[in-house]
Structures are given as C-alpha cells and as structure tokens.
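This is entry24.txt (compact mmCIF, C-alpha atoms).
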# COMPACT_ATOMS: atom_id res chain seq x y z
CA MET S 1 68.80 97.66 -17.94
CA ILE S 2 70.33 96.52 -14.65
CA TYR S 3 66.97 97.08 -12.98
CA THR S 4 65.25 94.93 -15.60
CA TYR S 5 67.86 92.19 -15.14
CA LEU S 6 67.50 92.19 -11.35
CA LEU S 7 63.72 92.15 -11.67
CA SER S 8 63.94 89.13 -13.96
CA ILE S 9 66.23 87.33 -11.52
CA GLY S 10 63.84 88.13 -8.66
CA LEU S 11 60.86 86.81 -10.59
CA LEU S 12 62.80 83.66 -11.48
CA ILE S 13 63.75 83.04 -7.84
CA SER S 14 60.15 83.61 -6.75
CA SER S 15 58.91 81.19 -9.40
CA VAL S 16 61.41 78.50 -8.38
CA ALA S 17 60.55 78.97 -4.69
CA PHE S 18 56.83 78.71 -5.46
CA SER S 19 57.35 75.54 -7.54
CA TRP S 20 59.49 74.03 -4.77
CA ALA S 21 56.84 74.83 -2.15
CA GLN S 22 54.14 73.31 -4.34
CA SER S 23 56.15 70.09 -4.73
CA GLN S 24 56.70 69.58 -0.99
CA PRO S 25 54.34 67.23 0.88
CA TYR S 26 51.78 69.03 3.02
CA PHE S 27 51.79 68.57 6.79
CA PRO S 28 48.97 70.22 8.73
CA PRO S 29 50.17 72.56 11.49
CA ALA S 30 48.81 72.18 14.99
CA HIS S 31 45.25 73.44 15.49
CA SER S 32 44.46 73.73 11.78
CA TRP S 33 44.14 71.62 8.66
CA GLU S 34 43.78 72.87 5.11
CA THR S 35 40.81 71.60 3.09
CA ARG S 36 41.00 71.20 -0.69
CA SER S 37 38.20 70.39 -3.11
CA PRO S 38 38.35 66.78 -4.34
CA ASP S 39 38.43 67.91 -7.99
CA GLU S 40 41.50 70.07 -7.31
CA LEU S 41 43.44 66.98 -6.26
CA GLY S 42 42.22 64.63 -8.96
CA LEU S 43 39.21 63.06 -7.24
CA ASN S 44 35.65 62.92 -8.53
CA SER S 45 33.56 64.97 -6.07
CA ALA S 46 30.29 63.15 -6.80
CA LEU S 47 31.84 59.71 -6.30
CA LEU S 48 33.61 60.79 -3.11
CA GLN S 49 30.33 62.18 -1.77
CA LYS S 50 28.79 58.79 -2.52
CA ALA S 51 31.38 57.23 -0.18
CA VAL S 52 30.60 59.78 2.54
CA ASP S 53 26.86 59.15 2.19
CA PHE S 54 27.53 55.41 2.44
CA ALA S 55 29.49 55.86 5.68
CA GLU S 56 26.77 57.98 7.23
CA ALA S 57 24.06 55.49 6.20
CA ASN S 58 25.83 52.42 7.60
CA GLU S 59 26.31 53.21 11.27
CA TYR S 60 27.58 50.50 13.63
CA GLU S 61 24.47 48.77 14.98
CA GLY S 62 25.56 48.41 18.61
CA GLU S 63 24.45 50.55 21.53
CA ARG S 64 25.86 54.01 22.00
CA ASP S 65 26.36 53.11 25.65
CA LEU S 66 29.64 51.31 25.05
CA LYS S 67 29.67 49.63 28.44
CA VAL S 68 26.53 47.78 27.35
CA ALA S 69 27.93 47.14 23.86
CA ILE S 70 31.13 45.68 25.34
CA LEU S 71 29.34 43.38 27.77
CA LYS S 72 27.04 42.14 25.02
CA GLY S 73 29.81 41.75 22.47
CA PHE S 74 32.01 39.64 24.73
CA ALA S 75 29.32 37.88 26.76
CA ARG S 76 30.67 34.40 26.01
CA GLU S 77 34.00 35.08 27.72
CA PRO S 78 34.04 33.51 31.20
CA PHE S 79 34.45 35.99 34.06
CA HIS S 80 34.50 38.94 31.65
CA GLU S 81 34.09 42.33 33.31
CA ILE S 82 34.79 46.00 32.72
CA LYS S 83 38.11 46.89 34.34
CA GLY S 84 38.87 50.27 32.76
CA PRO S 85 37.01 53.43 31.75
CA THR S 86 34.42 53.49 28.98
CA LYS S 87 32.57 56.34 27.27
CA ASP S 88 29.28 56.65 25.40
CA ARG S 89 30.05 56.94 21.69
CA GLY S 90 29.04 59.49 19.11
CA GLY S 91 27.60 58.94 15.66
CA PRO S 92 29.33 58.15 12.39
CA ALA S 93 32.30 60.40 11.70
CA GLY S 94 35.31 60.35 9.44
CA VAL S 95 37.77 62.09 7.21
CA VAL S 96 39.49 61.41 3.89
CA LEU S 97 42.94 62.85 3.17
CA LYS S 98 44.47 63.22 -0.28
CA ASP S 99 48.07 64.44 -0.55
CA GLY S 100 47.75 65.34 3.15
CA TYR S 101 44.79 67.69 2.64
CA ILE S 102 41.25 67.08 3.88
CA VAL S 103 39.02 66.36 0.89
CA ALA S 104 36.02 64.97 2.80
CA ARG S 105 34.77 64.95 6.38
CA TRP S 106 31.54 63.97 8.08
CA GLY S 107 30.19 63.87 11.62
CA ASP S 108 31.88 65.37 14.66
CA VAL S 109 35.56 64.88 13.88
CA GLU S 110 36.69 66.59 17.10
CA ARG S 111 34.67 64.35 19.42
CA VAL S 112 36.83 62.09 21.62
CA ASP S 113 35.66 58.47 21.51
CA MET S 114 36.96 55.05 22.45
CA THR S 115 38.82 53.42 19.59
CA PHE S 116 39.27 49.87 20.90
CA SER S 117 41.84 47.81 18.96
CA VAL S 118 43.06 50.69 16.84
CA THR S 119 45.04 51.18 20.06
CA LYS S 120 47.15 48.18 19.07
CA SER S 121 48.69 50.09 16.16
CA TYR S 122 49.70 52.88 18.57
CA LEU S 123 51.10 50.23 20.93
CA SER S 124 53.21 48.55 18.26
CA THR S 125 54.64 51.98 17.43
CA MET S 126 55.92 52.19 21.03
CA ALA S 127 57.84 48.99 20.33
CA GLY S 128 59.15 50.48 17.08
CA LEU S 129 60.44 53.55 18.90
CA ALA S 130 62.21 51.29 21.41
CA VAL S 131 63.85 49.36 18.56
CA ASP S 132 64.83 52.57 16.76
CA ALA S 133 66.40 53.86 19.98
CA GLY S 134 68.33 50.64 20.58
CA MET S 135 66.45 49.92 23.80
CA ILE S 136 65.36 46.65 22.21
CA GLU S 137 68.25 45.30 20.17
CA SER S 138 66.18 42.99 17.99
CA VAL S 139 62.54 41.91 17.74
CA ASP S 140 63.92 38.37 17.61
CA ASP S 141 65.32 38.67 21.14
CA SER S 142 63.47 36.69 23.78
CA VAL S 143 61.42 39.04 25.95
CA ALA S 144 62.82 37.21 29.00
CA GLN S 145 66.16 38.91 28.29
CA TYR S 146 64.50 42.21 29.18
CA ILE S 147 61.68 41.23 31.58
CA TRP S 148 63.06 39.07 34.37
CA ASP S 149 60.19 39.29 36.88
CA GLY S 150 58.78 35.84 36.07
CA SER S 151 56.32 36.89 33.38
CA PHE S 152 58.30 34.92 30.81
CA GLN S 153 59.58 32.02 32.85
CA GLY S 154 59.00 28.35 32.04
CA GLU S 155 59.77 26.13 29.07
CA HIS S 156 57.13 27.70 26.80
CA ASN S 157 56.99 31.37 27.82
CA SER S 158 60.77 31.74 27.85
CA LYS S 159 60.84 31.12 24.07
CA ILE S 160 58.63 34.13 23.32
CA THR S 161 60.22 36.98 21.39
CA TRP S 162 59.10 40.57 20.80
CA ASP S 163 58.15 39.50 17.27
CA HIS S 164 55.79 36.86 18.68
CA LEU S 165 54.04 39.40 20.90
CA LEU S 166 53.77 41.94 18.07
CA THR S 167 52.29 39.38 15.66
CA GLN S 168 49.94 37.85 18.27
CA SER S 169 51.52 34.42 17.77
CA SER S 170 53.15 33.89 21.18
CA ASP S 171 50.49 31.62 22.77
CA TRP S 172 51.77 33.01 26.10
CA SER S 173 50.19 31.15 28.99
CA GLY S 174 49.37 32.91 32.24
CA SER S 175 47.33 35.59 33.92
CA LEU S 176 47.77 39.37 33.87
CA PHE S 177 45.83 41.91 35.94
CA GLY S 178 43.35 39.24 36.96
CA ILE S 179 42.55 37.95 33.45
CA SER S 180 43.75 34.54 32.25
CA ASP S 181 44.93 34.18 28.67
CA TRP S 182 42.54 31.27 28.03
CA ALA S 183 39.50 33.31 29.13
CA ASP S 184 40.03 35.96 26.42
CA ARG S 185 38.13 35.06 23.23
CA PRO S 186 38.13 31.29 23.95
CA PRO S 187 37.46 28.75 21.18
CA ARG S 188 33.89 27.99 20.18
CA GLU S 189 34.39 24.38 21.20
CA GLY S 190 34.97 22.93 24.65
CA GLY S 191 34.73 24.32 28.14
CA ILE S 192 36.92 25.89 30.78
CA ASP S 193 38.97 22.76 31.47
CA ASP S 194 39.66 22.28 27.76
CA TRP S 195 40.81 25.89 27.44
CA LYS S 196 42.93 25.80 30.59
CA TYR S 197 44.76 22.58 29.80
CA ARG S 198 45.15 22.91 26.04
CA ASP S 199 48.31 21.99 24.19
CA LEU S 200 50.32 25.15 23.56
CA TYR S 201 51.45 26.14 20.08
CA GLU S 202 55.11 26.73 19.43
CA PRO S 203 55.62 30.53 19.57
CA GLY S 204 55.42 32.07 16.13
CA THR S 205 53.36 29.31 14.52
CA ASN S 206 49.75 30.18 15.38
CA PHE S 207 47.92 33.52 15.27
CA GLU S 208 45.40 34.19 18.03
CA TYR S 209 43.81 37.55 18.71
CA ASN S 210 44.14 37.91 22.47
CA ASP S 211 44.04 41.11 24.54
CA VAL S 212 45.73 39.58 27.59
CA ARG S 213 48.86 38.95 25.53
CA VAL S 214 48.59 42.39 23.93
CA ASN S 215 48.42 43.91 27.40
CA LEU S 216 51.49 41.82 28.25
CA LEU S 217 53.31 43.59 25.42
CA ALA S 218 52.25 46.95 26.88
CA TYR S 219 53.44 45.85 30.33
CA SER S 220 56.77 44.68 28.89
CA LEU S 221 57.29 47.95 27.01
CA LEU S 222 56.55 49.86 30.21
CA GLN S 223 59.43 47.97 31.83
CA VAL S 224 61.73 48.84 28.92
CA TRP S 225 60.78 52.52 28.70
CA ARG S 226 60.47 52.90 32.50
CA ARG S 227 57.93 55.63 31.73
CA PRO S 228 54.17 55.45 31.17
CA LEU S 229 53.55 54.71 27.50
CA PRO S 230 51.11 57.63 27.08
CA MET S 231 53.96 59.97 28.02
CA VAL S 232 56.21 58.33 25.42
CA LEU S 233 53.49 58.56 22.77
CA LYS S 234 52.85 62.21 23.56
CA GLU S 235 56.50 63.25 23.49
CA LYS S 236 57.70 61.14 20.56
CA ILE S 237 54.67 61.14 18.26
CA MET S 238 51.56 63.13 19.14
CA ASP S 239 53.15 66.48 20.01
CA PRO S 240 55.47 66.50 16.97
CA ILE S 241 52.57 65.75 14.59
CA GLY S 242 50.45 68.54 16.10
CA ALA S 243 47.79 66.34 17.71
CA SER S 244 45.32 67.91 20.10
CA SER S 245 45.60 67.73 23.88
CA THR S 246 42.31 65.84 24.15
CA TRP S 247 43.41 62.22 23.55
CA ARG S 248 44.00 59.83 26.46
CA TRP S 249 45.37 56.29 26.88
CA TYR S 250 44.05 54.24 29.79
CA GLY S 251 44.68 50.89 31.41
CA TYR S 252 42.66 49.08 34.05
CA ASP S 253 41.82 50.10 37.59
CA ASN S 254 44.16 47.34 38.83
CA SER S 255 46.96 47.68 36.25
CA PHE S 256 49.23 50.01 38.23
CA VAL S 257 52.72 48.64 38.74
CA ASN S 258 55.80 49.83 40.62
CA VAL S 259 58.55 51.05 38.30
CA ASP S 260 61.59 52.61 39.96
CA GLY S 261 59.56 53.23 43.08
CA ILE S 262 56.80 55.08 41.20
CA MET S 263 53.34 53.62 40.58
CA MET S 264 52.64 53.73 36.84
CA GLN S 265 49.61 52.47 34.96
CA SER S 266 50.24 49.74 32.41
CA VAL S 267 47.87 50.66 29.59
CA SER S 268 45.66 48.30 27.64
CA GLY S 269 45.99 47.60 23.94
CA GLY S 270 42.24 47.59 23.35
CA GLY S 271 38.93 48.39 24.99
CA HIS S 272 37.01 45.17 25.39
CA SER S 273 37.53 45.34 29.13
CA GLY S 274 37.57 49.14 29.04
CA GLY S 275 40.52 51.45 28.59
CA GLY S 276 42.68 51.87 25.51
CA VAL S 277 43.13 55.05 23.49
CA PHE S 278 40.32 57.63 23.58
CA ILE S 279 40.83 60.02 20.68
CA ASN S 280 39.20 62.21 18.06
CA THR S 281 39.05 61.57 14.32
CA LEU S 282 41.47 64.33 13.31
CA ASP S 283 44.19 63.03 15.68
CA HIS S 284 43.74 59.56 14.18
CA ALA S 285 44.19 61.14 10.74
CA ARG S 286 47.47 62.78 11.79
CA PHE S 287 48.74 59.40 13.00
CA GLY S 288 47.70 57.80 9.70
CA LEU S 289 49.39 60.60 7.75
CA LEU S 290 52.62 59.99 9.67
CA PHE S 291 52.60 56.38 8.45
CA LEU S 292 51.63 57.48 4.94
CA ARG S 293 54.73 59.73 5.00
CA ARG S 294 56.74 56.71 6.19
CA GLY S 295 57.59 58.11 9.59
CA LEU S 296 58.68 61.57 8.44
CA TRP S 297 56.84 64.69 9.61
CA ASN S 298 57.73 68.06 8.13
CA GLY S 299 61.41 67.16 7.85
CA GLN S 300 61.64 65.42 11.24
CA ARG S 301 62.19 61.68 11.37
CA LEU S 302 59.86 60.25 14.04
CA ILE S 303 59.73 56.57 13.08
CA SER S 304 62.26 54.71 10.96
CA GLU S 305 61.22 53.51 7.52
CA SER S 306 62.62 50.10 8.40
CA TRP S 307 60.16 49.84 11.30
CA ILE S 308 57.20 50.79 9.12
CA ASP S 309 58.28 48.15 6.61
CA GLN S 310 58.48 45.54 9.39
CA ALA S 311 55.15 46.59 10.87
CA THR S 312 53.36 46.22 7.53
CA THR S 313 54.95 42.94 6.39
CA PRO S 314 52.83 39.76 6.59
CA SER S 315 53.74 37.65 9.59
CA ALA S 316 54.57 33.95 9.41
CA ALA S 317 51.48 32.96 11.39
CA ASN S 318 48.99 35.19 9.54
CA GLU S 319 49.52 36.80 6.14
CA SER S 320 46.75 39.31 6.96
CA TYR S 321 48.60 40.68 9.99
CA GLY S 322 51.85 42.55 10.55
CA TYR S 323 52.93 44.23 13.78
CA MET S 324 49.40 45.05 14.93
CA TRP S 325 48.45 46.52 11.57
CA TRP S 326 46.03 44.58 9.34
CA LEU S 327 47.02 43.92 5.72
CA ASN S 328 44.58 43.66 2.84
CA ARG S 329 45.46 40.10 1.92
CA GLY S 330 44.69 36.54 2.98
CA ASN S 331 41.36 35.93 4.69
CA ARG S 332 41.02 39.65 5.52
CA THR S 333 41.06 40.80 1.89
CA TRP S 334 38.54 43.49 0.92
CA GLU S 335 37.29 42.59 -2.54
CA GLY S 336 38.28 45.11 -5.20
CA VAL S 337 40.80 46.84 -2.92
CA PRO S 338 44.58 46.61 -3.64
CA SER S 339 46.72 44.35 -1.46
CA SER S 340 49.14 47.24 -0.81
CA ILE S 341 46.65 48.90 1.57
CA TYR S 342 47.05 48.41 5.33
CA TYR S 343 44.94 49.56 8.26
CA ALA S 344 44.31 49.77 11.98
CA SER S 345 40.98 48.28 13.05
CA GLY S 346 38.89 48.45 16.20
CA PHE S 347 35.55 47.21 17.52
CA GLY S 348 32.52 49.17 16.36
CA GLY S 349 33.89 50.24 12.99
CA ASN S 350 36.93 52.32 13.96
CA PHE S 351 39.51 52.31 11.15
CA ILE S 352 42.64 54.12 9.96
CA VAL S 353 43.33 53.09 6.35
CA VAL S 354 46.64 53.94 4.65
CA ASP S 355 46.97 53.81 0.85
CA GLN S 356 50.55 54.68 -0.08
CA GLU S 357 50.04 54.28 -3.82
CA ARG S 358 47.26 56.88 -4.02
CA ASP S 359 48.49 59.12 -1.19
CA LEU S 360 45.26 58.55 0.76
CA VAL S 361 44.27 58.17 4.39
CA ILE S 362 40.73 57.19 5.35
CA VAL S 363 39.54 57.39 8.97
CA THR S 364 36.10 56.11 9.99
CA ARG S 365 34.30 56.03 13.33
CA TRP S 366 31.28 53.83 14.02
CA LEU S 367 30.88 52.42 10.51
CA ASN S 368 29.29 48.96 10.41
CA PRO S 369 32.46 46.83 10.10
CA PRO S 370 31.24 44.46 7.32
CA GLN S 371 30.71 47.53 5.13
CA MET S 372 34.24 48.89 5.52
CA GLY S 373 35.62 47.18 2.42
CA GLU S 374 32.84 48.71 0.33
CA MET S 375 33.50 52.12 1.89
CA VAL S 376 37.19 51.95 0.94
CA LYS S 377 36.35 50.81 -2.57
CA LEU S 378 33.96 53.76 -3.02
CA VAL S 379 36.73 56.17 -2.00
CA LEU S 380 39.19 54.53 -4.40
CA ASP S 381 36.62 54.70 -7.19
CA SER S 382 36.65 58.49 -6.80
CA VAL S 383 40.37 58.69 -7.65
CA GLU S 384 40.58 59.66 -11.32

When written as structure tokens, how does the structure in this file appear?
Amino acid sequence: MIYTYLLSIGLLISSVAFSWAQSQPYFPPAHSWETRSPDELGLNSALLQKAVDFAEANEYEGERDLKVAILKGFAREPFHEIKGPTKDRGGPAGVVLKDGYIVARWGDVERVDMTFSVTKSYLSTMAGLAVDAGMIESVDDSVAQYIWDGSFQGEHNSKITWDHLLTQSSDWSGSLFGISDWADRPPREGGIDDWKYRDLYEPGTNFEYNDVRVNLLAYSLLQVWRRPLPMVLKEKIMDPIGASSTWRWYGYDNSFVNVDGIMMQSVSGGGHSGGGVFINTLDHARFGLLFLRRGLWNGQRLISESWIDQATTPSAANESYGYMWWLNRGNRTWEGVPSSIYYASGFGGNFIVVDQERDLVIVTRWLNPPQMGEMVKLVLDSVE
C-alpha cells in the first residue's frame, strides 16, 4: 500500500513537472532550434506555405552586387561614396517563429548578409542598455552633457537630447566622418546651397531619416560606453541569446576614433555607405524573439521592459517611428495588419517583425519591400 501511495505521488509530481515545462516559453539553445509543425501550434500549414511561396516569388529587384545596388539606390546624394565594407547578397530567405519555435523557413538562413537599416534597431538597443545601466540618466538629457568634444556645440546642436537622436528628429547640423548632414538623403527640391543654408527645425519637431545623425548616435554611445559597440552587443545581447559567432558590425574606413588612448571604430547605423551589421537570418530571429519576450531570455533579464515600451512608442515627430523601430501606424501602416505590430526595416527587403499578440516573429531577407505588408498579412491569415 505504501508502495502504491509513493508511486502515485511520483506520478503526480512528474505530471506537474511536465505541465510546468509545457507552460514555460521556449528559448532556443545555442547552435540549435526546435522546429514544430504549424498545425501543432494552431497555424494553417497550407496558408503559411502560401506566405513562404509569396516571399520566395517576390525577391528584391536590385543587383546582388550590393556595392552596385547601393551606388544606384543613392545616386542623387551629392558626393556619395562607399566608405565601409559591402558584401554580395544571397537570395530570398526567412523564418517564421510561433511561440518561439520555427514553423517555417526558406532560403539559406545561415548565410551572413548585409542588413542595412535593421542595424538601427540594434543601435537603439545599445542606448537602452546604457539607460538601464544608469550610464545615461535620462533620454531627455542633452547629449552635450555627455559629449563635450564640440559635436553638440552651438545654439541649435546644444539643444539635442538622446530622445531626439533616437527618434531621428534632432536636425543636427554638421559633418561626421567626411559626410555632411545635408548631403544625406537631401530634399527633392533645391540644390546644394539650399540644403546647406536651410532653416533648422527645432529639435524634436521634425522627423528626417538621416544616416549621418544616426552615426552620430553611434559615435556618442561609443563615448559613453568607452568600448566598441560590437563588443557591448556581443557581451550583453548576442552571447546570452545564443547567437552564432558569424555576425559582424562595421563602421567606415575613416571612422576610427581615440578613446582612452585606444583607436576604436565608431560603427555605422546602416549600410548605404557600407558597413552596418552583417548577420544571418537565424541570429536576427533570436534578436526578434528577445523583443517578443520583452527583454527576458530564459530567466535572464537582458533589456528592461520599460526600455522596450519606450522604443516601441510613437514619437512626437512621427507616429510611425519609435526608437529606431517602425510602428504599423500612420503613413507606414500595412493594410489589414494590426497597429500593435512593430518591426526593424532595412534596404533591400530586410525585416524583423514582432507580433506580441500572436506570439510571432517574422524575419525576411531580400523580399521586395512594397510586398512586405502583404507577406505579413499572409502569415497572420494562417493563424487560426
């Protein structure tokens, strides 16, 4: 009788432990990732396959030689040149995660490729880590309180806060690593003199996508961390989430600066002059899953929830943009896709899409950008 009682207790404990394990969110260990069938996790396999077929059929139309694609894509910028490394791209690739598990994949998901402005979402995370650590007391502090080398001097530039840099609303005026702010994505109207001598917007009031100012954020964070940002990213984020050792983050050939007597490269926040994050699809997916899990990875807090909330809140100057994450609202709304979705986006159809409500992450490489909204909608349609 005692034996029967103990056996029953043992079975009960085993059952409770199994139920507890089943209820815990899945985090892929390093070097492996469990695949589940879509039907097992409540997705329609046929509809999800339709989304995969769509992604494979709608490849980005630009050259696979990305040096050529970059020079063509930004040909109207005066004095534009390649200043950092580039790499020929692969074909369409991607992955869909549901509840942390891989439910769809296509293409070469382990191939390392440029990712262009998806880099910005990694960069803003470096600012978040600095805020979480108290190295930056508040995003509303003027950057000049931290960076005193003249980069933020003058009546206009001295008003710029970390929030303004993160939301691309600073209208910082100057030159960094040989590129003037006005030469990066200039207006369609006017010429060089008009762009040089324009009236400046009050910081925080006007959104303008501008890589020089993004690179200024990277430079400023380098001064705060006093360590190369790729080292910070590796230690604080990529190693803990089990990312591969193949990703790299580059700056420009002339973006080395002296920090504490050591020459360190200030990295770029995009790739339209070369550089930025070079990474494979699965590592992108781990980064997206970290945000889906609101900064928690397998019981370890890597990013504060408060930072993720800040990063994905519409900014005053652009309701479609947070802290270098795009939001599905305003003039960037994908039709038929919920406004709760947010994403990282880069030239050539590189995306990391996070859907908290459905526990989904979608990563695409080299998908024709105008088709991305349809791609996301097809994936959502597969959720039953």

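Nearest-residue note for Val139 of chain S: choosing from S:Leu166, S:Val52, S:Ile82, S:Ala218, the minimum distance belongs to S:Leu166, counting all atoms listed in the file.
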
Practice task
Please tell me which residues are no farther than 12 Å from (47.4, 48.8, 36.4) in the file, counting all atoms listed in the file, and write them as a VMD selection string.
Solution key: chain S and resid 83 to 84 176 to 178 215 to 216 218 to 219 222 228 250 to 259 263 to 268 275

Keeping only C-alpha atoms, write those residues as a JSON list (two decimals), keeping the file's coordinate frame.
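Listed below is the output, out.json:
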[["chain", "number", "residue", "atom", "x", "y", "z"],
["S", 83, "LYS", "CA", 38.11, 46.89, 34.34],
["S", 84, "GLY", "CA", 38.87, 50.27, 32.76],
["S", 176, "LEU", "CA", 47.77, 39.37, 33.87],
["S", 177, "PHE", "CA", 45.83, 41.91, 35.94],
["S", 178, "GLY", "CA", 43.35, 39.24, 36.96],
["S", 215, "ASN", "CA", 48.42, 43.91, 27.40],
["S", 216, "LEU", "CA", 51.49, 41.82, 28.25],
["S", 218, "ALA", "CA", 52.25, 46.95, 26.88],
["S", 219, "TYR", "CA", 53.44, 45.85, 30.33],
["S", 222, "LEU", "CA", 56.55, 49.86, 30.21],
["S", 228, "PRO", "CA", 54.17, 55.45, 31.17],
["S", 250, "TYR", "CA", 44.05, 54.24, 29.79],
["S", 251, "GLY", "CA", 44.68, 50.89, 31.41],
["S", 252, "TYR", "CA", 42.66, 49.08, 34.05],
["S", 253, "ASP", "CA", 41.82, 50.10, 37.59],
["S", 254, "ASN", "CA", 44.16, 47.34, 38.83],
["S", 255, "SER", "CA", 46.96, 47.68, 36.25],
["S", 256, "PHE", "CA", 49.23, 50.01, 38.23],
["S", 257, "VAL", "CA", 52.72, 48.64, 38.74],
["S", 258, "ASN", "CA", 55.80, 49.83, 40.62],
["S", 259, "VAL", "CA", 58.55, 51.05, 38.30],
["S", 263, "MET", "CA", 53.34, 53.62, 40.58],
["S", 264, "MET", "CA", 52.64, 53.73, 36.84],
["S", 265, "GLN", "CA", 49.61, 52.47, 34.96],
["S", 266, "SER", "CA", 50.24, 49.74, 32.41],
["S", 267, "VAL", "CA", 47.87, 50.66, 29.59],
["S", 268, "SER", "CA", 45.66, 48.30, 27.64],
["S", 275, "GLY", "CA", 40.52, 51.45, 28.59]]

Exercise for the section: Give the answer as one residue: which of S:Ser340, S:Ser151, S:Pro78, S:Ala57 has the shortest atom-to-atom distance to Lys196 of chain S, using all atoms listed in the file? Expected result: S:Pro78

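Between Leu378 of chain S and the candidates S:Asp53, S:Glu59, S:Asp132, S:Glu40, the tightest atom-to-atom separation, counting only C-alpha atoms, involves S:Asp53.
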
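The gap separating atom CA of Gly271 of chain S from atom CA of Leu217 of chain S is 15.2 Å, in Å to one decimal.
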
Handout entry: Which residue of S:Gln356, S:Ser345, S:Ser339, S:Thr125 approaches Asp99 of chain S most closely, using all atoms listed in the file
Key =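 When distances to Asp99 of chain S are compared using all atoms listed in the file, the smallest one comes from S:Gln356.
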
Name the residues in contact with Asn350 of chain S at a cut-off of 7 Å, using all atoms listed in the file, excluding same-chain residues fewer than 5 positions from it; report them as a PDB file with C-alpha atoms, in the coordinates of the input.
ATOM      1  CA  THR S 115      38.820  53.420  19.590  1.00  0.00           C
ATOM      2  CA  VAL S 118      43.060  50.690  16.840  1.00  0.00           C
ATOM      3  CA  SER S 345      40.980  48.280  13.050  1.00  0.00           C
ATOM      4  CA  THR S 364      36.100  56.110   9.990  1.00  0.00           C
ATOM      5  CA  ARG S 365      34.300  56.030  13.330  1.00  0.00           C
ATOM      6  CA  TRP S 366      31.280  53.830  14.020  1.00  0.00           C
ATOM      7  CA  LEU S 367      30.880  52.420  10.510  1.00  0.00           C
TER       8      LEU S 367
END

Problem - Which of S:Phe79, S:Phe116, S:Tyr122, S:Tyr209 sits closest to Tyr321 of chain S [using all atoms listed in the file] - result: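 So, comparing all the options, the nearest one is S:Tyr209.
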
Practice task
Check the smallest atom-to-atom distance from each of S:Thr205, S:Thr281, S:Ser173, S:Thr167 to Ser320 of chain S using all atoms listed in the file, then report the winner.
Solution key: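 Under the stated criterion, the closest residue is S:Thr167.
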
Exercise for the section: Find the residues near Asp283 of chain S: any atom within 10 Å, counting all atoms listed in the file, skip ones fewer than 6 places away on the same chain, and give them as a list in words. Expected result: Val109, Glu110, Val112, Met238, Ile241, Gly242, Ala243, Ser244, Ser245, Thr246, Trp247, Leu289 and Val363 of chain S

Completed segment 105-122 of chain S (N, CA and C atoms) as a CSV table (one decimal), in the coordinates of the input:
chain,number,residue,atom,x,y,z
S,105,ARG,N,34.9,65.2,4.9
S,105,ARG,CA,34.8,65.0,6.4
S,105,ARG,C,33.3,64.9,6.7
S,106,TRP,N,32.9,64.1,7.7
S,106,TRP,CA,31.5,64.0,8.1
S,106,TRP,C,31.5,63.7,9.6
S,107,GLY,N,30.4,64.1,10.2
S,107,GLY,CA,30.2,63.9,11.6
S,107,GLY,C,31.0,64.8,12.4
S,108,ASP,N,31.1,64.5,13.7
S,108,ASP,CA,31.9,65.4,14.7
S,108,ASP,C,33.3,64.8,14.8
S,109,VAL,N,34.2,65.4,14.0
S,109,VAL,CA,35.6,64.9,13.9
S,109,VAL,C,36.4,65.3,15.1
S,110,GLU,N,35.9,66.2,15.9
S,110,GLU,CA,36.7,66.6,17.1
S,110,GLU,C,36.2,65.9,18.4
S,111,ARG,N,35.2,65.1,18.3
S,111,ARG,CA,34.7,64.4,19.4
S,111,ARG,C,35.6,63.2,19.8
S,112,VAL,N,36.0,63.2,21.1
S,112,VAL,CA,36.8,62.1,21.6
S,112,VAL,C,36.0,60.9,21.9
S,113,ASP,N,36.4,59.7,21.3
S,113,ASP,CA,35.7,58.5,21.5
S,113,ASP,C,36.7,57.4,21.8
S,114,MET,N,36.1,56.3,22.3
S,114,MET,CA,37.0,55.0,22.4
S,114,MET,C,37.3,54.6,21.0
S,115,THR,N,38.4,53.9,20.9
S,115,THR,CA,38.8,53.4,19.6
S,115,THR,C,39.2,52.0,19.6
S,116,PHE,N,39.1,51.3,20.8
S,116,PHE,CA,39.3,49.9,20.9
S,116,PHE,C,40.6,49.4,20.3
S,117,SER,N,40.6,48.4,19.4
S,117,SER,CA,41.8,47.8,19.0
S,117,SER,C,42.6,48.6,18.0
S,118,VAL,N,42.2,49.8,17.5
S,118,VAL,CA,43.1,50.7,16.8
S,118,VAL,C,44.2,51.0,17.8
S,119,THR,N,44.0,51.0,19.1
S,119,THR,CA,45.0,51.2,20.1
S,119,THR,C,46.3,50.3,19.8
S,120,LYS,N,46.0,49.1,19.3
S,120,LYS,CA,47.2,48.2,19.1
S,120,LYS,C,48.2,48.8,18.1
S,121,SER,N,47.7,49.5,17.1
S,121,SER,CA,48.7,50.1,16.2
S,121,SER,C,49.5,51.2,16.8
S,122,TYR,N,48.9,51.9,17.8
S,122,TYR,CA,49.7,52.9,18.6
S,122,TYR,C,50.7,52.1,19.5
